[in-house]
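Engineer: Here you go, this is entry10.txt (compact mmCIF, C-alpha atoms).
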# COMPACT_ATOMS: atom_id res chain seq x y z
CA MET A 1 -16.79 -12.28 -1.29
CA LYS A 2 -16.31 -15.51 -3.25
CA PRO A 3 -13.51 -17.79 -1.92
CA ASP A 4 -11.22 -17.42 -4.95
CA HIS A 5 -11.72 -13.66 -4.93
CA ASP A 6 -10.87 -13.53 -1.22
CA ARG A 7 -7.70 -15.61 -1.62
CA LEU A 8 -6.54 -13.43 -4.49
CA CYS A 9 -7.21 -10.24 -2.54
CA ARG A 10 -5.30 -11.43 0.53
CA ALA A 11 -2.18 -12.75 -1.25
CA GLN A 12 0.93 -10.76 -0.41
CA SER A 13 3.63 -12.76 -2.22
CA LEU A 14 2.74 -13.89 -5.74
CA LEU A 15 5.44 -16.06 -7.32
CA PHE A 16 5.79 -16.36 -11.10
CA VAL A 17 6.76 -19.61 -12.81
CA PRO A 18 7.09 -20.03 -16.61
CA GLY A 19 4.20 -21.92 -18.14
CA ASP A 20 6.48 -23.98 -20.37
CA ARG A 21 8.51 -25.29 -17.40
CA PRO A 22 6.31 -27.93 -15.73
CA ASP A 23 9.42 -29.20 -13.98
CA ARG A 24 9.30 -26.03 -11.88
CA TYR A 25 5.62 -26.16 -10.94
CA ASP A 26 5.91 -28.23 -7.78
CA LYS A 27 8.92 -26.27 -6.55
CA ALA A 28 6.97 -23.03 -6.98
CA LEU A 29 3.96 -24.47 -5.14
CA ALA A 30 6.19 -25.48 -2.23
CA ALA A 31 8.21 -22.25 -2.06
CA GLY A 32 6.08 -20.54 0.60
CA ALA A 33 4.40 -17.87 -1.51
CA ASP A 34 0.78 -16.90 -0.91
CA ALA A 35 -0.07 -17.56 -4.57
CA VAL A 36 1.63 -18.96 -7.67
CA ILE A 37 1.23 -17.35 -11.09
CA VAL A 38 1.91 -19.64 -14.04
CA ASP A 39 2.94 -17.35 -16.90
CA LEU A 40 1.66 -17.78 -20.44
CA GLU A 41 2.71 -14.28 -21.51
CA ASP A 42 6.22 -12.78 -21.40
CA ALA A 43 7.99 -15.86 -20.01
CA VAL A 44 6.86 -18.14 -22.86
CA ARG A 45 7.73 -17.85 -26.54
CA PRO A 46 4.64 -17.81 -28.79
CA ALA A 47 5.66 -21.08 -30.44
CA ASP A 48 5.79 -22.79 -27.02
CA ARG A 49 2.40 -21.56 -25.74
CA PRO A 50 0.25 -24.43 -27.07
CA ARG A 51 2.39 -26.94 -25.19
CA ALA A 52 2.39 -24.73 -22.07
CA ARG A 53 -1.42 -24.57 -22.13
CA GLY A 54 -1.52 -28.37 -22.04
CA HIS A 55 0.84 -28.47 -19.04
CA LEU A 56 -1.36 -25.93 -17.27
CA ALA A 57 -4.54 -27.91 -17.82
CA ASP A 58 -2.85 -30.90 -16.18
CA LEU A 59 -1.62 -28.78 -13.25
CA LEU A 60 -5.05 -27.30 -12.55
CA GLN A 61 -6.62 -30.75 -12.65
CA ARG A 62 -4.43 -31.93 -9.76
CA THR A 63 -4.48 -28.73 -7.67
CA GLN A 64 -8.25 -28.31 -7.37
CA ALA A 65 -8.20 -28.92 -3.62
CA THR A 66 -5.10 -26.91 -2.73
CA PRO A 67 -5.58 -23.87 -0.47
CA LEU A 68 -2.83 -22.11 -2.41
CA PRO A 69 -4.28 -20.08 -5.32
CA VAL A 70 -2.89 -21.08 -8.71
CA LEU A 71 -3.27 -18.11 -11.04
CA VAL A 72 -2.47 -17.84 -14.73
CA ARG A 73 -1.10 -14.77 -16.48
CA VAL A 74 -2.81 -14.86 -19.85
CA ASN A 75 -2.06 -12.85 -22.96
CA ASP A 76 -3.54 -9.44 -23.65
CA VAL A 77 -6.82 -9.66 -25.56
CA ARG A 78 -5.31 -7.52 -28.33
CA THR A 79 -2.76 -10.25 -29.17
CA GLY A 80 -5.47 -12.63 -30.40
CA GLU A 81 -4.20 -15.37 -28.07
CA LEU A 82 -6.49 -14.83 -25.11
CA ALA A 83 -9.29 -17.10 -26.35
CA ALA A 84 -6.90 -20.06 -26.64
CA ASP A 85 -5.50 -19.32 -23.18
CA LEU A 86 -8.97 -19.26 -21.64
CA GLN A 87 -10.07 -22.43 -23.36
CA SER A 88 -7.21 -24.27 -21.64
CA VAL A 89 -7.20 -22.71 -18.17
CA VAL A 90 -10.73 -21.64 -17.25
CA ARG A 91 -11.72 -24.73 -15.29
CA ALA A 92 -12.11 -25.96 -11.73
CA GLY A 93 -8.83 -25.43 -9.87
CA LEU A 94 -8.06 -22.03 -11.38
CA GLY A 95 -7.56 -19.44 -8.64
CA GLY A 96 -7.79 -16.46 -10.97
CA LEU A 97 -6.38 -14.77 -14.04
CA VAL A 98 -3.64 -12.17 -14.22
CA VAL A 99 -4.43 -9.85 -17.12
CA PRO A 100 -1.62 -7.69 -18.58
CA LYS A 101 -1.91 -4.12 -19.89
CA LEU A 102 -5.31 -3.52 -18.35
CA ASP A 103 -7.29 -0.50 -19.53
CA PRO A 104 -11.05 0.16 -19.84
CA ASP A 105 -11.29 -1.31 -23.35
CA SER A 106 -9.32 -4.47 -22.63
CA ALA A 107 -11.12 -4.96 -19.31
CA ALA A 108 -14.53 -5.05 -20.99
CA ASP A 109 -13.43 -7.33 -23.85
CA THR A 110 -11.56 -9.66 -21.49
CA ASP A 111 -14.54 -9.87 -19.14
CA ARG A 112 -16.77 -10.92 -22.04
CA LEU A 113 -14.40 -13.68 -23.17
CA ILE A 114 -13.97 -15.01 -19.62
CA SER A 115 -17.75 -15.07 -19.20
CA GLU A 116 -18.06 -17.14 -22.37
CA ALA A 117 -15.37 -19.54 -21.12
CA GLU A 118 -17.11 -19.88 -17.73
CA GLN A 119 -20.37 -20.73 -19.46
CA ALA A 120 -18.67 -23.30 -21.69
CA ARG A 121 -17.12 -24.99 -18.63
CA GLY A 122 -20.30 -24.88 -16.56
CA LEU A 123 -18.79 -22.52 -13.99
CA ALA A 124 -20.81 -19.92 -12.13
CA PRO A 125 -20.87 -16.52 -13.86
CA GLY A 126 -18.21 -14.21 -12.44
CA SER A 127 -16.52 -16.98 -10.47
CA VAL A 128 -13.08 -16.42 -12.05
CA PRO A 129 -11.44 -13.34 -10.46
CA VAL A 130 -9.01 -11.06 -12.28
CA LEU A 131 -5.86 -9.29 -11.15
CA GLY A 132 -5.25 -6.56 -13.73
CA ILE A 133 -1.75 -5.19 -14.35
CA VAL A 134 -1.51 -1.48 -15.19
CA GLU A 135 1.43 -1.12 -17.59
CA THR A 136 0.85 1.97 -19.73
CA ALA A 137 0.34 5.68 -19.12
CA ALA A 138 -2.87 5.67 -21.16
CA GLY A 139 -4.23 2.74 -19.18
CA LEU A 140 -3.39 4.43 -15.88
CA LEU A 141 -5.01 7.76 -16.79
CA ARG A 142 -8.12 6.17 -18.31
CA LEU A 143 -8.65 3.88 -15.32
CA ALA A 144 -8.56 6.96 -13.09
CA THR A 145 -11.70 8.29 -14.84
CA LEU A 146 -13.80 5.12 -14.55
CA PRO A 147 -16.71 4.85 -12.14
CA ARG A 148 -16.32 1.06 -12.05
CA LEU A 149 -14.62 -1.99 -13.54
CA PRO A 150 -16.15 -5.40 -14.31
CA ALA A 151 -17.05 -7.06 -11.01
CA ARG A 152 -14.58 -9.90 -11.57
CA VAL A 153 -11.65 -7.43 -11.42
CA ALA A 154 -10.76 -7.86 -7.75
CA ARG A 155 -7.35 -6.21 -7.63
CA LEU A 156 -4.88 -4.14 -9.63
CA ALA A 157 -1.10 -4.43 -9.94
CA PHE A 158 1.72 -2.27 -11.26
CA GLY A 159 3.99 -3.44 -14.08
CA ALA A 160 7.12 -1.29 -13.94
CA GLY A 161 8.96 -2.81 -16.90
CA ASP A 162 6.37 -2.04 -19.56
CA PHE A 163 5.37 1.21 -17.87
CA SER A 164 8.98 2.42 -17.96
CA ALA A 165 9.32 1.43 -21.62
CA ASP A 166 6.08 3.28 -22.38
CA THR A 167 6.97 6.49 -20.53
CA GLY A 168 10.77 6.61 -20.60
CA ALA A 169 10.96 6.64 -16.79
CA ALA A 170 14.07 5.09 -15.28
CA TRP A 171 13.53 1.69 -13.69
CA LEU A 172 16.35 1.23 -11.22
CA PRO A 173 16.61 -0.39 -7.78
CA GLY A 174 15.12 1.98 -5.21
CA SER A 175 14.39 4.65 -7.82
CA PRO A 176 11.56 7.07 -6.90
CA SER A 177 10.85 7.82 -10.57
CA LEU A 178 7.80 5.54 -10.66
CA LEU A 179 6.38 6.44 -7.27
CA ALA A 180 3.69 8.75 -8.65
CA ALA A 181 2.31 6.01 -10.89
CA LYS A 182 2.41 3.52 -8.03
CA SER A 183 0.52 5.91 -5.78
CA MET A 184 -2.13 6.53 -8.44
CA ILE A 185 -2.85 2.81 -8.63
CA VAL A 186 -3.47 2.78 -4.88
CA TRP A 187 -5.84 5.76 -5.20
CA ILE A 188 -7.70 4.16 -8.13
CA SER A 189 -8.03 0.88 -6.20
CA THR A 190 -9.44 2.71 -3.20
CA ALA A 191 -11.87 4.75 -5.29
CA LEU A 192 -13.16 1.65 -7.10
CA GLY A 193 -13.51 -0.39 -3.92
CA LEU A 194 -10.82 -2.89 -4.90
CA ALA A 195 -8.35 -4.69 -2.65
CA ALA A 196 -5.00 -3.01 -2.04
CA PRO A 197 -2.82 -3.49 -5.14
CA VAL A 198 0.19 -5.67 -5.93
CA ASP A 199 3.56 -4.05 -6.59
CA THR A 200 5.75 -4.80 -9.58
CA ALA A 201 8.32 -7.58 -9.71
CA PHE A 202 11.90 -6.76 -8.69
CA PRO A 203 14.19 -8.20 -11.39
CA TRP A 204 17.50 -7.84 -9.54
CA VAL A 205 17.23 -11.23 -7.87
CA SER A 206 20.48 -11.11 -5.90
CA ASP A 207 19.80 -7.63 -4.47
CA LEU A 208 17.67 -8.46 -1.43
CA ASP A 209 18.48 -5.13 0.22
CA GLY A 210 17.12 -3.32 -2.83
CA LEU A 211 14.07 -5.57 -2.78
CA ARG A 212 13.43 -4.69 0.87
CA THR A 213 13.76 -0.98 0.13
CA GLU A 214 11.32 -1.16 -2.76
CA SER A 215 8.89 -3.35 -0.79
CA ASP A 216 9.00 -0.95 2.17
CA GLN A 217 8.27 1.93 -0.21
CA ALA A 218 5.36 0.04 -1.74
CA ALA A 219 3.90 -0.73 1.68
CA ALA A 220 4.27 2.91 2.71
CA VAL A 221 2.05 4.11 -0.15
CA GLY A 222 -0.60 1.42 0.35
CA TYR A 223 0.41 -1.81 -1.43
CA LEU A 224 -0.27 -5.12 0.28
CA GLY A 225 1.21 -7.46 -2.32
CA LYS A 226 4.26 -7.87 -4.53
CA PHE A 227 5.15 -10.05 -7.48
CA CYS A 228 8.14 -12.35 -6.95
CA ILE A 229 10.21 -13.94 -9.70
CA HIS A 230 12.37 -16.16 -7.48
CA PRO A 231 11.64 -18.11 -4.27
CA ALA A 232 14.52 -16.29 -2.54
CA GLN A 233 12.47 -13.07 -2.67
CA ILE A 234 9.45 -14.36 -0.74
CA GLU A 235 10.76 -13.98 2.80
CA THR A 236 11.89 -10.39 2.17
CA VAL A 237 8.52 -9.46 0.70
CA HIS A 238 6.68 -10.95 3.66
CA ALA A 239 8.90 -9.09 6.12
CA ALA A 240 8.15 -5.78 4.41
CA LEU A 241 4.42 -6.17 3.79
CA ARG A 242 3.29 -7.89 6.97
CA PRO A 243 2.88 -5.73 10.09
CA SER A 244 5.87 -5.67 12.42
CA PRO A 245 5.39 -6.77 16.05
CA GLU A 246 5.68 -3.11 17.07
CA GLN A 247 2.94 -2.09 14.63
CA VAL A 248 0.70 -4.87 15.95
CA ARG A 249 1.33 -3.83 19.56
CA LYS A 250 0.52 -0.21 18.75
CA ALA A 251 -2.64 -1.18 16.89
CA GLU A 252 -3.79 -3.34 19.79
CA ALA A 253 -3.11 -0.47 22.20
CA VAL A 254 -5.23 1.89 20.09
CA ILE A 255 -8.16 -0.58 20.05
CA GLU A 256 -7.81 -1.23 23.79
CA ALA A 257 -7.77 2.50 24.54
CA LEU A 258 -10.94 2.94 22.51
CA SER A 259 -12.61 0.06 24.33
CA ALA A 260 -11.54 1.29 27.76
CA SER A 261 -12.74 4.83 27.19
CA GLY A 262 -16.07 3.73 25.77
CA ALA A 263 -16.27 7.08 24.01
CA ALA A 264 -16.02 8.25 20.43
CA GLY A 265 -13.96 11.21 19.37
CA ALA A 266 -10.31 12.13 19.72
CA GLN A 267 -8.15 11.24 22.74
CA LEU A 268 -4.48 10.96 23.63
CA LEU A 269 -2.46 7.75 23.79
CA ASP A 270 1.22 8.02 24.73
CA GLY A 271 1.19 11.63 23.58
CA GLN A 272 -0.38 10.88 20.19
CA LEU A 273 -3.79 12.12 19.16
CA ILE A 274 -6.03 9.11 18.53
CA ASP A 275 -9.03 9.84 16.34
CA GLU A 276 -11.23 7.81 14.00
CA ALA A 277 -8.57 7.78 11.26
CA VAL A 278 -6.01 6.22 13.63
CA VAL A 279 -8.56 3.66 14.81
CA LYS A 280 -9.25 2.74 11.18
CA TRP A 281 -5.48 2.31 10.67
CA ALA A 282 -5.27 0.05 13.73
CA ARG A 283 -8.09 -2.17 12.56
CA GLY A 284 -6.42 -2.42 9.16
CA VAL A 285 -3.08 -3.47 10.70
CA LEU A 286 -4.74 -6.20 12.73
CA ALA A 287 -6.69 -7.39 9.71
CA ILE A 288 -3.50 -7.67 7.63
CA GLY A 289 -1.83 -9.58 10.45
CA GLY A 290 -4.79 -11.93 10.71
CA LEU A 291 -5.64 -10.77 14.22
CA PRO A 292 -9.16 -9.80 15.28
CA PRO A 293 -9.57 -6.36 16.82
CA ARG A 294 -10.35 -6.60 20.54
CA ALA A 295 -13.15 -4.06 20.40
If you convert what's in this file into structure tokens, what do you get?
Structural biologist:
Amino acid sequence: MKPDHDRLCRAQSLLFVPGDRPDRYDKALAAGADAVIVDLEDAVRPADRPRARGHLADLLQRTQATPLPVLVRVNDVRTGELAADLQSVVRAGLGGLVVPKLDPDSAADTDRLISEAEQARGLAPGSVPVLGIVETAAGLLRLATLPRLPARVARLAFGAGDFSADTGAAWLPGSPSLLAAKSMIVWISTALGLAAPVDTAFPWVSDLDGLRTESDQAAAVGYLGKFCIHPAQIETVHAALRPSPEQVRKAEAVIEALSASGAAGAQLLDGQLIDEAVVKWARGVLAIGGLPPRA
């Protein structure tokens, strides 16, 4: 996997910052998130986007060597603004693009425009990864029927605000009304061989208990990332999405039991049946925690 693709796929906290607020860039970069997303879409008025693109070009020039991915949320290809976005931001230093309202049609058209921008900048074909946000019912259902997406699409995300507006579902703190859609995005990601998806932003910034509940729910159905809109949310997201010490200890015990037995097949560990599915879970927990399996 290419380095930028790998960094995008491993990011658990992805912090948004408005593209037209360069005074907030450095604070966002220092906030402790795994990735920063500079927003050229919803957070910026159309009249302010040309100036924001200029700020972004300057930012990417000076962050080429940073290990922290700097992503850009561009505008949907159907708005007619994507080409201008790409002309400004597809360059060395870009950690990836966040593409709103992803569906099969927009994915193909967006991939073509990014490829043209890569060629114009002298970048390797396919070097710019994409995180695609699923925000409509039609997009969700059509993605579920695809055998593949463009190779640069490394990860999917859920956008609850637009999805709720599209479907009429209630978007409330801790509400289960969107859980089916969230779960489908996990299943689609798995079927297409993508990294585990990124959960929607939580707009109630002062409600950290609600954020923890929603993050726990997302982790339980298979998400390994979450959008943040304020630095105060990062610690809560990390606590929910990173394995707990108890989960790590259990995973290590499963791997050790497998190594000690030297045998495949099911066995008991502390009264629990340990089979290949549990071993796969244990390896996944240790991988998320950055720990190598011991066997």
Engineer: One decimal, in Å: what's the spacing between CA of Gln233 (chain A) and CA of Asp216 (chain A)?
Structural biologist: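 Computed distance, CA of Gln233 (chain A) to CA of Asp216 (chain A), equals 13.5 Å.
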Engineer: Report the distance between CA of Ile229 (chain A) and CA of Glu214 (chain A) in Å, rounded to one decimal place.
Structural biologist: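 According to the coordinates, CA of Ile229 (chain A) and CA of Glu214 (chain A) are separated by 14.6 Å.
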Engineer: So, with only C-alpha atoms as the atoms that count, which of A:Ala220, A:Val186, A:Leu156, A:Ala83 lies closest to Glu135 (chain A)?
Structural biologist: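 Looking at the shortest contact to Glu135 (chain A), the residue is A:Leu156.
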Engineer: Give me the residues near Ala181 (chain A) as a VMD selection string, where near means some atom within 10 Å (using only C-alpha atoms) and where sequence neighbours in that chain fewer than 2 positions away do not count.
Structural biologist: chain A and resid 134 to 137 140 to 141 158 160 163 177 to 179 183 to 187
Engineer: What does the distance between CA of Trp171 (chain A) and CA of Ser206 (chain A) come to in Å, to one decimal place?
Structural biologist: 16.5 Å
